[in-house]
Structure formats: structure tokens, C-alpha cells
$ cat input_38.txt   # compact mmCIF, C-alpha atoms
# COMPACT_ATOMS: atom_id res chain seq x y z
CA MET A 196 23.03 -34.10 -4.20
CA ASP A 197 26.27 -32.52 -5.17
CA TYR A 198 28.33 -32.50 -1.99
CA LYS A 199 30.55 -29.69 -3.21
CA LYS A 200 27.54 -27.37 -3.04
CA ILE A 201 26.74 -27.98 0.61
CA PRO A 202 29.32 -25.56 2.07
CA TYR A 203 28.05 -22.90 -0.28
CA TYR A 204 24.46 -23.42 0.90
CA GLY A 205 25.57 -22.88 4.48
CA LEU A 206 27.75 -19.91 3.65
CA PHE A 207 25.17 -18.11 1.55
CA ALA A 208 22.29 -18.88 3.92
CA ALA A 209 24.31 -17.44 6.82
CA LEU A 210 25.20 -14.37 4.76
CA ALA A 211 21.59 -13.83 3.73
CA ILE A 212 20.35 -14.06 7.33
CA LEU A 213 23.11 -11.68 8.39
CA MET A 214 22.12 -9.23 5.66
CA GLY A 215 18.53 -9.32 6.88
CA TYR A 216 19.78 -8.58 10.40
CA VAL A 217 22.03 -5.73 9.26
CA GLU A 218 19.08 -4.26 7.42
CA MET A 219 17.04 -4.12 10.60
CA MET A 220 19.76 -1.88 12.07
CA ILE A 221 19.31 0.65 9.29
CA PRO A 222 16.48 3.09 9.96
CA VAL A 223 14.12 3.69 7.05
CA PRO A 224 13.42 7.38 6.48
CA ILE A 225 10.08 6.72 4.77
CA PRO A 226 7.05 6.13 6.99
CA ILE A 227 5.37 3.59 4.75
CA PRO A 228 5.13 0.00 5.99
CA GLY A 229 7.00 -2.37 3.70
CA VAL A 230 9.60 0.04 2.36
CA LYS A 231 13.02 -1.52 2.87
CA LEU A 232 16.31 -2.12 1.15
CA GLY A 233 16.11 -5.88 0.67
CA LEU A 234 19.80 -6.49 1.35
CA ALA A 235 19.22 -10.22 1.71
CA ASN A 236 18.25 -10.29 -1.93
CA VAL A 237 21.84 -9.40 -2.82
CA ILE A 238 22.86 -12.84 -1.61
CA ILE A 239 19.99 -14.61 -3.34
CA ILE A 240 20.79 -12.93 -6.64
CA ILE A 241 24.51 -13.63 -6.34
CA MET A 242 23.65 -17.26 -5.65
CA MET A 243 21.32 -17.36 -8.64
CA TYR A 244 24.11 -16.25 -10.96
CA PHE A 245 27.10 -17.80 -9.18
CA MET A 246 25.50 -21.22 -8.75
CA ASP A 247 22.03 -22.01 -10.07
CA THR A 248 18.36 -21.15 -9.61
CA LYS A 249 17.56 -24.29 -7.63
CA SER A 250 20.29 -23.68 -5.05
CA ALA A 251 19.25 -20.05 -4.73
CA PHE A 252 15.67 -21.19 -4.10
CA PHE A 253 16.69 -23.44 -1.21
CA VAL A 254 18.85 -20.76 0.34
CA SER A 255 16.00 -18.26 0.02
CA LEU A 256 13.63 -20.69 1.79
CA ILE A 257 16.13 -21.37 4.57
CA ARG A 258 16.73 -17.65 5.00
CA VAL A 259 13.05 -16.81 5.26
CA PHE A 260 12.34 -19.52 7.82
CA LEU A 261 15.39 -18.89 9.97
CA SER A 262 15.25 -15.10 10.05
CA GLY A 263 11.47 -15.31 10.43
CA LEU A 264 11.81 -17.51 13.51
CA LEU A 265 14.79 -15.57 14.86
CA PHE A 266 13.59 -12.00 14.45
CA ALA A 267 10.07 -11.58 13.14
CA GLY A 268 7.89 -14.22 14.79
CA PHE A 269 5.41 -16.42 13.03
CA ALA A 270 3.11 -13.72 11.63
CA GLY A 271 6.06 -11.92 10.07
CA LEU A 272 7.15 -15.22 8.56
CA LEU A 273 3.98 -15.37 6.47
CA TYR A 274 4.66 -11.96 4.91
CA SER A 275 8.32 -12.70 4.29
CA LEU A 276 7.50 -16.03 2.72
CA ALA A 277 4.92 -14.59 0.33
CA GLY A 278 7.22 -11.75 -0.66
CA ALA A 279 10.27 -13.96 -1.06
CA MET A 280 8.54 -16.69 -3.04
CA LEU A 281 6.75 -14.37 -5.46
CA SER A 282 9.85 -12.29 -5.97
CA PHE A 283 11.93 -15.42 -6.49
CA ALA A 284 9.53 -16.87 -9.03
CA VAL A 285 9.56 -13.67 -11.07
CA MET A 286 13.35 -13.33 -10.87
CA ALA A 287 13.86 -16.94 -11.94
CA LEU A 288 11.50 -16.45 -14.89
CA LEU A 289 13.18 -13.23 -16.04
CA LYS A 290 16.63 -14.76 -15.66
CA LYS A 291 15.54 -17.77 -17.73
CA THR A 292 14.40 -15.60 -20.64
CA GLY A 293 17.95 -14.23 -20.80
CA LYS A 294 16.62 -10.90 -22.01
CA PHE A 295 17.30 -9.00 -18.82
CA SER A 296 20.52 -8.02 -17.06
CA ILE A 297 21.15 -8.75 -13.40
CA ILE A 298 19.85 -5.27 -12.58
CA GLY A 299 16.56 -5.90 -14.35
CA VAL A 300 16.15 -9.22 -12.55
CA SER A 301 16.86 -7.57 -9.21
CA LEU A 302 14.44 -4.74 -9.98
CA ALA A 303 11.61 -7.17 -10.75
CA GLY A 304 12.48 -9.05 -7.57
CA GLY A 305 12.22 -5.89 -5.50
CA VAL A 306 8.89 -4.91 -7.03
CA PHE A 307 7.28 -8.32 -6.71
CA HIS A 308 8.53 -8.82 -3.17
CA ASN A 309 6.39 -5.82 -2.24
CA VAL A 310 3.46 -7.00 -4.37
CA GLY A 311 3.53 -10.36 -2.56
CA GLN A 312 3.59 -8.72 0.86
CA VAL A 313 0.73 -6.35 0.09
CA THR A 314 -1.32 -9.25 -1.26
CA VAL A 315 -0.87 -11.23 1.96
CA ALA A 316 -1.56 -8.13 4.04
CA ALA A 317 -4.79 -7.54 2.09
CA LEU A 318 -5.81 -11.16 2.66
CA VAL A 319 -4.98 -11.05 6.37
CA VAL A 320 -6.90 -7.85 7.15
CA GLU A 321 -9.50 -8.74 4.51
CA ASN A 322 -9.33 -5.28 3.07
CA VAL A 323 -8.53 -4.62 -0.59
CA LYS A 324 -7.79 -1.02 0.39
CA MET A 325 -4.30 -2.22 1.35
CA ALA A 326 -3.54 -1.78 -2.35
CA TYR A 327 -3.46 1.92 -1.59
CA TYR A 328 0.16 1.35 -0.51
CA LEU A 329 1.04 -0.36 -3.79
CA PRO A 330 2.10 2.68 -5.86
CA PHE A 331 4.58 3.75 -3.18
CA LEU A 332 5.85 0.23 -2.74
CA LEU A 333 6.22 -0.27 -6.50
CA VAL A 334 8.35 2.84 -6.82
CA SER A 335 10.44 1.94 -3.77
CA GLY A 336 10.82 -1.58 -5.17
CA VAL A 337 12.17 -0.16 -8.42
CA VAL A 338 14.68 2.08 -6.63
CA THR A 339 15.93 -0.49 -4.12
CA GLY A 340 15.85 -3.22 -6.78
CA ILE A 341 18.21 -1.26 -9.01
CA LEU A 342 20.52 -0.50 -6.06
CA ILE A 343 20.58 -4.14 -4.98
CA GLY A 344 21.19 -5.20 -8.59
CA ILE A 345 24.23 -2.90 -8.86
CA VAL A 346 25.60 -4.23 -5.55
CA ALA A 347 25.10 -7.85 -6.64
CA LYS A 348 26.70 -7.21 -10.01
CA THR A 349 29.74 -5.57 -8.44
CA ALA A 350 30.09 -8.34 -5.87
CA LEU A 351 29.82 -11.04 -8.54
CA GLY A 352 32.73 -9.47 -10.38
CA TYR A 353 34.92 -10.16 -7.36
CA ILE A 354 33.55 -13.61 -6.56
CA LYS A 355 33.95 -15.04 -10.06
CA ARG A 356 37.48 -13.69 -10.49
CA MET B 216 21.83 -2.15 -17.81
CA LYS B 217 19.98 -3.40 -20.87
CA LYS B 218 17.14 -1.68 -22.69
CA THR B 219 14.75 -4.39 -21.52
CA ASP B 220 15.60 -3.39 -17.94
CA LEU B 221 14.41 0.12 -18.67
CA LEU B 222 11.22 -1.40 -20.03
CA LEU B 223 10.68 -3.03 -16.63
CA VAL B 224 11.20 0.32 -14.91
CA VAL B 225 8.66 1.96 -17.20
CA ILE B 226 6.10 -0.82 -16.68
CA ALA B 227 6.46 -0.64 -12.89
CA LEU B 228 6.17 3.16 -12.84
CA ILE B 229 3.13 3.13 -15.13
CA ALA B 230 1.47 0.52 -12.92
CA ALA B 231 2.24 2.63 -9.86
CA ALA B 232 0.86 5.77 -11.48
CA GLY B 233 -2.23 3.87 -12.67
CA ILE B 234 -3.05 2.48 -9.24
CA TRP B 235 -2.39 5.84 -7.63
CA LEU B 236 -4.67 7.65 -10.07
CA PHE B 237 -7.33 4.99 -9.56
CA TYR B 238 -7.25 5.56 -5.81
CA SER B 239 -7.03 9.33 -5.89
CA ALA B 240 -9.92 9.47 -8.37
CA GLY B 241 -11.99 7.26 -6.09
CA ALA B 242 -11.00 9.17 -2.97
CA ASP B 243 -13.73 11.80 -3.17
CA HIS B 244 -16.45 9.27 -3.83
CA GLY B 245 -18.19 7.22 -1.24
CA LEU B 246 -18.80 10.22 0.98
CA THR B 247 -22.33 10.59 2.25
CA ALA B 248 -24.19 13.25 4.14
CA VAL B 249 -26.02 11.62 7.02
CA VAL B 250 -28.98 13.56 8.40
CA THR B 251 -30.02 12.81 11.96
CA VAL B 252 -32.85 14.32 13.96
CA ASP B 253 -32.56 13.98 17.74
CA GLY B 254 -29.94 11.26 17.22
CA GLU B 255 -32.09 9.24 14.87
CA VAL B 256 -30.85 8.73 11.29
CA ARG B 257 -33.39 10.18 8.86
CA ALA B 258 -31.59 10.24 5.52
CA GLU B 259 -28.32 9.36 3.83
CA LEU B 260 -27.44 11.35 0.71
CA PRO B 261 -24.45 10.46 -1.50
CA LEU B 262 -22.39 13.63 -1.94
CA ASP B 263 -21.61 13.08 -5.61
CA GLU B 264 -25.28 13.14 -6.57
CA THR B 265 -27.43 16.22 -6.86
CA ASP B 266 -30.33 15.73 -4.50
CA SER B 267 -32.64 17.70 -2.29
CA ILE B 268 -34.58 16.32 0.62
CA GLU B 269 -37.01 17.89 3.03
CA ILE B 270 -36.50 16.78 6.60
CA GLU B 271 -39.65 17.07 8.69
CA THR B 272 -39.14 17.32 12.40
CA GLU B 273 -41.68 17.91 15.14
CA TRP B 274 -40.24 21.42 15.50
CA GLY B 275 -40.16 22.43 11.85
CA TYR B 276 -38.52 21.53 8.55
CA ASN B 277 -35.08 21.77 6.90
CA ILE B 278 -34.25 21.26 3.25
CA VAL B 279 -30.88 19.55 2.83
CA HIS B 280 -29.24 19.74 -0.57
CA THR B 281 -26.24 17.83 -1.97
CA GLU B 282 -24.35 18.88 -5.07
CA ASP B 283 -20.77 18.58 -6.45
CA GLY B 284 -19.49 16.77 -3.37
CA GLN B 285 -20.94 19.35 -0.98
CA ALA B 286 -23.91 19.39 1.35
CA PHE B 287 -25.79 22.40 2.66
CA VAL B 288 -29.15 23.49 4.02
CA THR B 289 -31.10 25.62 1.53
CA GLU B 290 -34.15 26.38 3.58
CA ALA B 291 -35.44 26.03 7.11
CA ASP B 292 -38.17 27.55 9.23
CA CYS B 293 -36.09 27.72 12.35
CA ARG B 294 -35.78 31.09 14.08
CA ASP B 295 -32.00 31.65 13.85
CA GLN B 296 -31.29 30.36 10.31
CA ILE B 297 -27.77 29.35 11.35
CA CYS B 298 -27.98 26.10 9.41
CA VAL B 299 -28.91 27.98 6.23
CA ASP B 300 -26.11 30.50 6.68
CA HIS B 301 -23.59 27.75 7.45
CA LYS B 302 -20.90 27.21 4.81
CA LYS B 303 -21.20 24.22 2.52
CA ILE B 304 -19.64 21.11 4.04
CA GLU B 305 -17.61 18.58 2.05
CA LYS B 306 -14.98 16.90 4.26
CA VAL B 307 -15.35 13.86 6.47
CA GLY B 308 -16.37 14.90 9.96
CA GLU B 309 -17.79 18.30 9.05
CA THR B 310 -21.27 19.03 10.35
CA ILE B 311 -24.14 21.44 10.00
CA VAL B 312 -26.27 21.67 13.10
CA CYS B 313 -29.76 23.11 13.45
CA LEU B 314 -30.22 23.33 17.19
CA PRO B 315 -33.90 24.37 17.29
CA HIS B 316 -34.83 21.32 15.19
CA LYS B 317 -32.21 19.00 16.77
CA MET B 318 -31.07 18.23 13.23
CA VAL B 319 -27.46 17.36 12.35
CA VAL B 320 -25.98 16.88 8.87
CA GLU B 321 -22.64 15.06 9.04
CA ILE B 322 -20.26 13.96 6.29
CA ILE B 323 -19.41 10.29 6.66
CA GLY B 324 -16.78 8.50 4.63
CA GLU B 325 -14.00 5.95 4.68
CA GLY B 326 -10.98 6.70 6.79
CA GLU B 327 -10.14 9.30 9.35
CA ALA B 328 -11.62 12.75 9.59
CA GLU B 329 -9.40 15.36 7.98
CA MET B 330 -10.01 17.77 10.82
CA ASP B 331 -10.83 17.22 14.43
CA MET B 332 -13.48 19.91 14.44
CA VAL B 333 -14.36 23.23 12.90
CA VAL B 334 -14.91 26.16 15.23
CA GLY B 335 -16.07 29.68 14.61
$ encode --input "input_38.txt" --output "C-alpha cells"
Amino acid sequence: MDYKKIPYYGLFAALAILMGYVEMMIPVPIPIPGVKLGLANVIIIIMMYFMDTKSAFFVSLIRVFLSGLLFAGFAGLLYSLAGAMLSFAVMALLKKTGKFSIIGVSLAGGVFHNVGQVTVAALVVENVKMAYYLPFLLVSGVVTGILIGIVAKTALGYIKR
Amino acid sequence: MKKTDLLLVVIALIAAAGIWLFYSAGADHGLTAVVTVDGEVRAELPLDETDSIEIETEWGYNIVHTEDGQAFVTEADCRDQICVDHKKIEKVGETIVCLPHKMVVEIIGEGEAEMDMVVG
């Protein structure tokens, strides 16, 4: 392991958890379960571009487990984990192709985070009708994904110097 | 933002529209008119099929008809004919009642009733 990376893991993990907490303070004006900003993803995306995909993956895992245990409880953890892992896999793939900008990567992440959560929700309640929420969540994923992408891009400009 | 990013937006929006259309198209289906006599289920008619059924009760008969997502009573030998004059029903929870024959036609479907009850 590269010891120079360790402080960054800690720093980014703490930031990501903090972002998740800040997000809980922000009321969502749309009464559809699952619609949210995804502020924590800003950190994950910054990490993906600032460091590397592998580091970002670990930080994402740490974030999901810690904020799951701290705020959401074990059932919430399952949803977060599914959303985070699916969204991460898609983002990593898109980034690897090199055909998409940071905003496109973030957008796909936002969309697939919601897809992952709905899938788990459908499995848990054993009702495929959960997919009824998908159109709304896809659109909200696109919007928040683009916003998060712009934030991450701006922040990266300052971090890289 | 690259052009490929816009492609992602378009794909996501098309998927959303597709799923939404799929669900809204399927929303009217799956409704059935359930006919009960004195609390006992006698027939279940899918609303999207054209069908007519004669319900025999010990007090008389009613002919229940379904067509174009609506159910109504076309004929009955009850004395007040309220069930025949009743408007066609199509929404979950709506009912046609024939009191003399203790017959009830109710629309059953997935999800909540759109209205609590219809009066008047």
C-alpha cells in the first residue's frame, strides 16, 4: 500500500460522510422516496479523478458503512450499498472509456444510484411495481447528477491547482 | 460537457418516458367488476373485455354488462330499477347496488380507491 495515500483516504472518507450528513439537513421538496441530491458523490467523483478508481472505491465503501451505521440503521445500509456499488461500477466503466466528461460520469452515477436502490426495494418488498417510481427517479438522477458533476468539476479545478 | 454526455441524458430520459408510458398504459387494465349477491361472490368480469352476464338471485335477475372499461346493469326485474338507471362505473371502489336483489357490482383493482365514496 502506498502510505502517502492513507491521509487522503481518511480525509475524503470524512468529507463524504459529512456531505451525507449535510444532505440530511436539506429538505427535499419532492415527495418521492429516493429523490436526493447525492452530495457525497461529489467527494467520490473528485477522488476518482484526483487519485484513482481503486481509492475512490474504498472510500465509497467506507462511507456507505459508516454513514449507514451512524444515521440510517442496518436496513438503510442495504439500500445505500446497492445504490453506491451500482453507481460506482457504472461511473468507473464510463470513466475508463474516456469518452465522457466528468459531468457525464456523474450523471450516470446519479441515475444508476437510483436504479440500484429501486432494485433492492423491489426485491425487499417482493413487488415489481416499485419500478413505478423509476421514471421519476431517472429524471431526478439526471438533474442531480449534472449538478453534482458541475460541483465536482469546479472543486477539482481548485484542488489540482 | 461533451456530446456523449448529452447522449447519456437522452438515453436516460427516453428510458424514463418508456417506463412511464408502459405503466400509464397498463394502469387502466387489471380492473375487474366483482358481482356479489348477499355477500357471496358470483362473478368477476374483466373491465377491458366486452361481456354480459345474467346474475340469478332468489329474488330476481340482473344483467351486468362490461364494455370499454366500464360496468353497468342493462336489465333487471327489480321494482325500482335503480341499478339500471345508475351511471356506468369505471373507477376502483365505485359500486352499483341493487337492494331488492341484494346484488352489488364493485370495481376492484390494484392500489387505492380514487374516491372514498360516491353519493347522490
$ interface_residues --input "input_38.txt" --of "chain B" --to "chain A" --cutoff "10 Å" --atoms "all atoms listed in the file" --output "ChimeraX atom specification"
/B:216-225,227-239
$ residues_around --input "input_38.txt" --residues "region 321-323 of chain B" --least-positions-apart "5" --cutoff "6 Å" --atoms "all atoms listed in the file" --output "ChimeraX atom specification"
/B:246-249,307-310
$ atom_distance --input "input_38.txt" --atom1 "CA of Cys298 (chain B)" --atom2 "CA of Lys317 (chain B)"
11.1 Å
$ residues_near_point --input "input_38.txt" --point "(17.4, -19.1, -5.6)" --cutoff "8 Å" --atoms "all atoms listed in the file" --output "list in words"
Ile239, Ile240, Met242, Met243, Asp247, Thr248, Lys249, Ser250, Ala251, Phe252, Phe253, Val254, Ser255, Phe283 and Ala287 of chain A
$ atom_distance --input "input_38.txt" --atom1 "CA of Gln285 (chain B)" --atom2 "CA of Glu259 (chain B)"
13.3 Å
$ atom_distance --input "input_38.txt" --atom1 "CA of Ser267 (chain B)" --atom2 "CA of Thr281 (chain B)"
6.4 Å
$ residues_near_point --input "input_38.txt" --point "(-24.8, 31.7, 8.4)" --cutoff "12 Å" --atoms "all atoms listed in the file" --output "compact mmCIF listing (two decimals) with C-alpha atoms, in the frame of the given file"
# COMPACT_ATOMS: atom_id res chain seq x y z
CA PHE B 287 -25.79 22.40 2.66
CA VAL B 288 -29.15 23.49 4.02
CA THR B 289 -31.10 25.62 1.53
CA GLU B 290 -34.15 26.38 3.58
CA ASP B 295 -32.00 31.65 13.85
CA GLN B 296 -31.29 30.36 10.31
CA ILE B 297 -27.77 29.35 11.35
CA CYS B 298 -27.98 26.10 9.41
CA VAL B 299 -28.91 27.98 6.23
CA ASP B 300 -26.11 30.50 6.68
CA HIS B 301 -23.59 27.75 7.45
CA LYS B 302 -20.90 27.21 4.81
CA LYS B 303 -21.20 24.22 2.52
CA ILE B 311 -24.14 21.44 10.00
CA VAL B 312 -26.27 21.67 13.10
CA CYS B 313 -29.76 23.11 13.45
CA GLY B 335 -16.07 29.68 14.61
$ closest_residue --input "input_38.txt" --among "A:Ile225, A:Val237, A:Leu213, A:Tyr198" --to "Thr349 (chain A)" --atoms "all atoms listed in the file"
A:Val237
$ build_atoms --input "input_38.txt" --residues "region 278-289 of chain B" --atoms "all heavy atoms" --output "PDB file, in the coordinates of the input"
ATOM      1  N   ILE B 278     -34.499  21.866   4.560  1.00  0.00           N
ATOM      2  CA  ILE B 278     -34.250  21.260   3.250  1.00  0.00           C
ATOM      3  C   ILE B 278     -32.753  21.115   3.065  1.00  0.00           C
ATOM      4  O   ILE B 278     -32.012  22.106   3.061  1.00  0.00           O
ATOM      5  CB  ILE B 278     -34.882  22.083   2.114  1.00  0.00           C
ATOM      6  CG1 ILE B 278     -36.405  22.056   2.270  1.00  0.00           C
ATOM      7  CG2 ILE B 278     -34.471  21.518   0.752  1.00  0.00           C
ATOM      8  CD1 ILE B 278     -37.139  22.935   1.293  1.00  0.00           C
ATOM      9  N   VAL B 279     -32.304  19.850   2.982  1.00  0.00           N
ATOM     10  CA  VAL B 279     -30.880  19.550   2.830  1.00  0.00           C
ATOM     11  C   VAL B 279     -30.614  19.241   1.359  1.00  0.00           C
ATOM     12  O   VAL B 279     -31.343  18.485   0.731  1.00  0.00           O
ATOM     13  CB  VAL B 279     -30.454  18.349   3.703  1.00  0.00           C
ATOM     14  CG1 VAL B 279     -28.972  18.064   3.522  1.00  0.00           C
ATOM     15  CG2 VAL B 279     -30.782  18.624   5.157  1.00  0.00           C
ATOM     16  N   HIS B 280     -29.538  19.874   0.842  1.00  0.00           N
ATOM     17  CA  HIS B 280     -29.240  19.740  -0.570  1.00  0.00           C
ATOM     18  C   HIS B 280     -27.811  19.214  -0.741  1.00  0.00           C
ATOM     19  O   HIS B 280     -26.903  19.631  -0.007  1.00  0.00           O
ATOM     20  CB  HIS B 280     -29.366  21.124  -1.242  1.00  0.00           C
ATOM     21  CG  HIS B 280     -29.286  21.082  -2.724  1.00  0.00           C
ATOM     22  ND1 HIS B 280     -30.320  20.627  -3.511  1.00  0.00           N
ATOM     23  CD2 HIS B 280     -28.276  21.409  -3.571  1.00  0.00           C
ATOM     24  CE1 HIS B 280     -29.960  20.697  -4.787  1.00  0.00           C
ATOM     25  NE2 HIS B 280     -28.719  21.161  -4.861  1.00  0.00           N
ATOM     26  N   THR B 281     -27.603  18.283  -1.652  1.00  0.00           N
ATOM     27  CA  THR B 281     -26.240  17.830  -1.970  1.00  0.00           C
ATOM     28  C   THR B 281     -25.961  18.115  -3.435  1.00  0.00           C
ATOM     29  O   THR B 281     -26.828  17.945  -4.294  1.00  0.00           O
ATOM     30  CB  THR B 281     -26.044  16.331  -1.712  1.00  0.00           C
ATOM     31  OG1 THR B 281     -26.998  15.586  -2.470  1.00  0.00           O
ATOM     32  CG2 THR B 281     -26.158  15.993  -0.248  1.00  0.00           C
ATOM     33  N   GLU B 282     -24.733  18.543  -3.707  1.00  0.00           N
ATOM     34  CA  GLU B 282     -24.350  18.880  -5.070  1.00  0.00           C
ATOM     35  C   GLU B 282     -22.829  18.982  -5.152  1.00  0.00           C
ATOM     36  O   GLU B 282     -22.199  19.543  -4.237  1.00  0.00           O
ATOM     37  CB  GLU B 282     -24.984  20.230  -5.456  1.00  0.00           C
ATOM     38  CG  GLU B 282     -25.005  20.495  -6.946  1.00  0.00           C
ATOM     39  CD  GLU B 282     -25.704  21.821  -7.254  1.00  0.00           C
ATOM     40  OE1 GLU B 282     -26.616  22.213  -6.527  1.00  0.00           O
ATOM     41  OE2 GLU B 282     -25.292  22.450  -8.245  1.00  0.00           O
ATOM     42  N   ASP B 283     -22.220  18.451  -6.211  1.00  0.00           N
ATOM     43  CA  ASP B 283     -20.770  18.580  -6.450  1.00  0.00           C
ATOM     44  C   ASP B 283     -19.920  18.234  -5.214  1.00  0.00           C
ATOM     45  O   ASP B 283     -18.960  18.923  -4.891  1.00  0.00           O
ATOM     46  CB  ASP B 283     -20.415  20.021  -6.888  1.00  0.00           C
ATOM     47  CG  ASP B 283     -21.089  20.374  -8.199  1.00  0.00           C
ATOM     48  OD1 ASP B 283     -21.319  19.455  -8.995  1.00  0.00           O
ATOM     49  OD2 ASP B 283     -21.390  21.557  -8.400  1.00  0.00           O
ATOM     50  N   GLY B 284     -20.302  17.185  -4.522  1.00  0.00           N
ATOM     51  CA  GLY B 284     -19.490  16.770  -3.370  1.00  0.00           C
ATOM     52  C   GLY B 284     -19.662  17.644  -2.145  1.00  0.00           C
ATOM     53  O   GLY B 284     -18.857  17.592  -1.235  1.00  0.00           O
ATOM     54  N   GLN B 285     -20.713  18.494  -2.140  1.00  0.00           N
ATOM     55  CA  GLN B 285     -20.940  19.350  -0.980  1.00  0.00           C
ATOM     56  C   GLN B 285     -22.362  19.170  -0.472  1.00  0.00           C
ATOM     57  O   GLN B 285     -23.255  18.795  -1.232  1.00  0.00           O
ATOM     58  CB  GLN B 285     -20.748  20.828  -1.349  1.00  0.00           C
ATOM     59  CG  GLN B 285     -19.330  21.169  -1.780  1.00  0.00           C
ATOM     60  CD  GLN B 285     -19.227  22.608  -2.223  1.00  0.00           C
ATOM     61  OE1 GLN B 285     -20.063  23.080  -2.994  1.00  0.00           O
ATOM     62  NE2 GLN B 285     -18.191  23.293  -1.753  1.00  0.00           N
ATOM     63  N   ALA B 286     -22.563  19.442   0.779  1.00  0.00           N
ATOM     64  CA  ALA B 286     -23.910  19.390   1.350  1.00  0.00           C
ATOM     65  C   ALA B 286     -24.188  20.703   2.059  1.00  0.00           C
ATOM     66  O   ALA B 286     -23.285  21.292   2.652  1.00  0.00           O
ATOM     67  CB  ALA B 286     -24.026  18.225   2.334  1.00  0.00           C
ATOM     68  N   PHE B 287     -25.431  21.181   1.946  1.00  0.00           N
ATOM     69  CA  PHE B 287     -25.790  22.400   2.660  1.00  0.00           C
ATOM     70  C   PHE B 287     -27.307  22.448   2.851  1.00  0.00           C
ATOM     71  O   PHE B 287     -28.059  21.703   2.227  1.00  0.00           O
ATOM     72  CB  PHE B 287     -25.293  23.655   1.920  1.00  0.00           C
ATOM     73  CG  PHE B 287     -25.619  23.692   0.443  1.00  0.00           C
ATOM     74  CD1 PHE B 287     -26.711  24.430  -0.020  1.00  0.00           C
ATOM     75  CD2 PHE B 287     -24.835  23.018  -0.471  1.00  0.00           C
ATOM     76  CE1 PHE B 287     -27.005  24.480  -1.374  1.00  0.00           C
ATOM     77  CE2 PHE B 287     -25.129  23.061  -1.840  1.00  0.00           C
ATOM     78  CZ  PHE B 287     -26.214  23.794  -2.281  1.00  0.00           C
ATOM     79  N   VAL B 288     -27.732  23.325   3.739  1.00  0.00           N
ATOM     80  CA  VAL B 288     -29.150  23.490   4.020  1.00  0.00           C
ATOM     81  C   VAL B 288     -29.641  24.704   3.240  1.00  0.00           C
ATOM     82  O   VAL B 288     -29.094  25.801   3.387  1.00  0.00           O
ATOM     83  CB  VAL B 288     -29.402  23.666   5.529  1.00  0.00           C
ATOM     84  CG1 VAL B 288     -30.880  23.889   5.802  1.00  0.00           C
ATOM     85  CG2 VAL B 288     -28.881  22.458   6.293  1.00  0.00           C
ATOM     86  N   THR B 289     -30.634  24.506   2.362  1.00  0.00           N
ATOM     87  CA  THR B 289     -31.100  25.620   1.530  1.00  0.00           C
ATOM     88  C   THR B 289     -32.208  26.414   2.216  1.00  0.00           C
ATOM     89  O   THR B 289     -32.365  27.603   1.979  1.00  0.00           O
ATOM     90  CB  THR B 289     -31.616  25.119   0.180  1.00  0.00           C
ATOM     91  OG1 THR B 289     -32.520  24.044   0.414  1.00  0.00           O
ATOM     92  CG2 THR B 289     -30.478  24.648  -0.699  1.00  0.00           C
TER      93      THR B 289
END
